[in-house]
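The structure appears right after this line, and notes come after that.
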Amino acid sequence: MTDKQKRTIYDIAERVGASPSTVSAALNGSWKKRRIKKETAERIIQAARDFGYSANLQARGLRTSNSGLVALLIPDYNRFFSNIAQTFSREVRARGQCPVIVSTDRDPEEEGTTVADLTAYSIDALFVAGAAAPDEISRQCQAARIPHVFVDQPCSLAALVVTDNRNGARILTDEIMASMVPESLAAGEGPYFIGGDRGLPATANRIEGYKAALYARLGAAPEDHILATSYDVGAATLTIADLYAHLGRLPAGLFINSDSVFEGVLRFLATLPEAELQRCAVGCFDYEPFGQLLRFPVHMIRQRHQMLIQRAFALLEAGGPPSVEIVQPELYRAGSR
């Protein structure tokens with residue numbers, strides 16, 4: 001066979017010493033149901049890559065009513081959702097399918113139109129992360145009989161895998177308070193909560209965890225310490241600048257809600273002398289790998305995007321009634337490696 005001739009599953013089967021049906025199952029993602037060993041499936045997929053093999057998805061759709069396309073909806077491409085998209089793409093390709101990733105900017109109308117468009121392409125499944133109207137998306141998928149699962153996004157009608165935002169926020173708040181100047185805690189001053197959107201479940205749950213930690217340590221959680229109005233970078237810069245002007249200094253502690261808010265806050269903190277920065281204990285509910293290079297220590301919560309996607313695939317492939325899985329985030333202490 002010349003390099004220009006198209007490889008087939010029979011060539012791959014001969015290469016790895018497996019049957020054509022085993023090769024087909026590995027490439028279309030049904031190898032688990034066939035009880036084929038993971039090592040065998042991975043060996044087949046690697047051989048297909050080495051051969052430059054690609055399934056004719058359009059032809060396969062005509063034969064099986066499936067397109068081989070698996071879609072993911074995300075609101076934007078910040079670090080967290082980019083990590084989600086990267087892991088999703090890798091998992092889809094490992095199953096011999098093609099990933100489709102669409103950003104909808106948390107716009108309900110855009111979400112509905114996008115799901116309708118994806119339905120027209122006969123997608124095999126839909127993953128949803130960070131949607132504004134999750135129940136409506138689920139109803140659309142149910143009407144079109146599209147298997148779907150929500151990732152780090154509550155939905156009352158479908159299976160979902162979510163980060164334990166409340167517990168993660170409680171842990172992060174405790175860590176921030178443990179790093180604060182003792183006199184501030186003795187005076188009853190807790191950290192301020194900066195950024196996010198109280199109307200979204202993730203922020204709402206983080207606020208609950210933050211307040212629980214404050215009540216346990218200080219006996220109070222002042223509402224005016226919660227400045228959660230937006231995830232926007234520019235808005236975060238204005239929020240911390242206004243707070244600094246109001247207090248005449250940085251607060252003793254800052255709970256920064258997401259990496260985009262962190263970027264906005266850093267724009268203002270970069271203008272301050274190091275002595276002021278060292279008097280403020282900082283925590284961020286997101287993992288920023290360059291955080292350890294800053295002039296001041298930052299505690300971070302690392303959301304486990306790989307586990308979120310892997311568990312979402314497991315729920316989807318298992319079928320059955322809608323269920324909920326909760327994934328615990330990881331605390332990254334300032335100075336740890």
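Here, A, B, ... name the chains of the structure tokens in the order displayed, residue numbers run from 1 inside each chain, and ligands are numbered from 1 in the same displayed order.
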
Residues of range 80-153 of chain A at most 12 Å from range 247-266 of chain A: nearest atom pair and distance in Å, only C-alpha atoms, as JSON lines:
{"residue": "A:Phe80", "atom": "CA", "partner": "A:Asp259", "partner_atom": "CA", "distance": 8.0}
{"residue": "A:Phe81", "atom": "CA", "partner": "A:Asp259", "partner_atom": "CA", "distance": 10.8}
{"residue": "A:Ser82", "atom": "CA", "partner": "A:Asp259", "partner_atom": "CA", "distance": 11.9}

Kindly export the residues of the current selection with N, CA, C and O atoms, as a compact mmCIF listing (two decimals), in the first residue's frame.
# COMPACT_ATOMS: atom_id res chain seq x y z
N PHE A 80 -10.12 28.73 33.42
CA PHE A 80 -10.86 27.55 33.86
C PHE A 80 -11.59 26.89 32.70
O PHE A 80 -11.48 25.68 32.48
N PHE A 81 -12.35 27.67 31.92
CA PHE A 81 -13.11 27.08 30.82
C PHE A 81 -12.20 26.62 29.69
O PHE A 81 -12.52 25.66 28.97
N SER A 82 -11.05 27.26 29.52
CA SER A 82 -10.09 26.78 28.53
C SER A 82 -9.54 25.41 28.94
O SER A 82 -9.35 24.53 28.09

Could you name the residues that touch range 132-147 of chain A at 7 Å or less, counting only C-alpha atoms, but leaving out those on the same chain fewer than 6 positions away, as a ChimeraX atom specification? /A:106-108,112,119,124-126,155-158

Per DSSP on the backbone, filter range 89-229 of chain A down to the residues in helix (DSSP H, G or I) and report them as a ChimeraX atom specification. /A:89-94,108-120,134-144,165-179,182-186,201-218,223-225

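The residue that comes closest to Ser323 in chain A, out of A:Gln86, A:Leu160, A:Arg198, A:Glu110 and on the basis of only C-alpha atoms, is A:Leu160.
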
When DSSP works through the backbone of this structure, what residues of range 89-305 of chain A end up as strand (DSSP E), shown as a ChimeraX atom specification? /A:98-103,125-128,148-151,159-163,192-194,226-227,253-256,281-284,298-302

Might you pull out every residue within 7 Å of range 313-317 of chain A, with only C-alpha atoms counted and same-chain residues fewer than 4 positions away left off, and present them as number ranges by chain? A: 148-149, 309

Using Å and a single decimal, report how far CA of Gly320 in chain A sits from CA of Val23 in chain A. 27.0 Å

Might you pull out every residue within 12 Å of Glu208 in chain A, with only C-alpha atoms counted and same-chain residues fewer than 6 positions away left off, and present them as a list in words? Asp164, Asn165, Arg166, Asn167, Gly168, Ala169, Arg170, Ile171, Thr173, Phe193, Arg198, Pro201, Ala202, Leu214, Tyr215, Ala221, Glu223 and Ile226 of chain A

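The space between CA of Ala213 in chain A and CA of Asp174 in chain A spans 6.1 Å.
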
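The two atoms in question, CA of Glu109 in chain A and CA of Val233 in chain A, are spaced 24.1 Å apart.
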
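Ranking A:Ala312, A:Cys284, A:Val92, A:Ala334 by their shortest atom-to-atom distance to Ala159 in chain A, with only C-alpha atoms included, puts A:Ala312 first.
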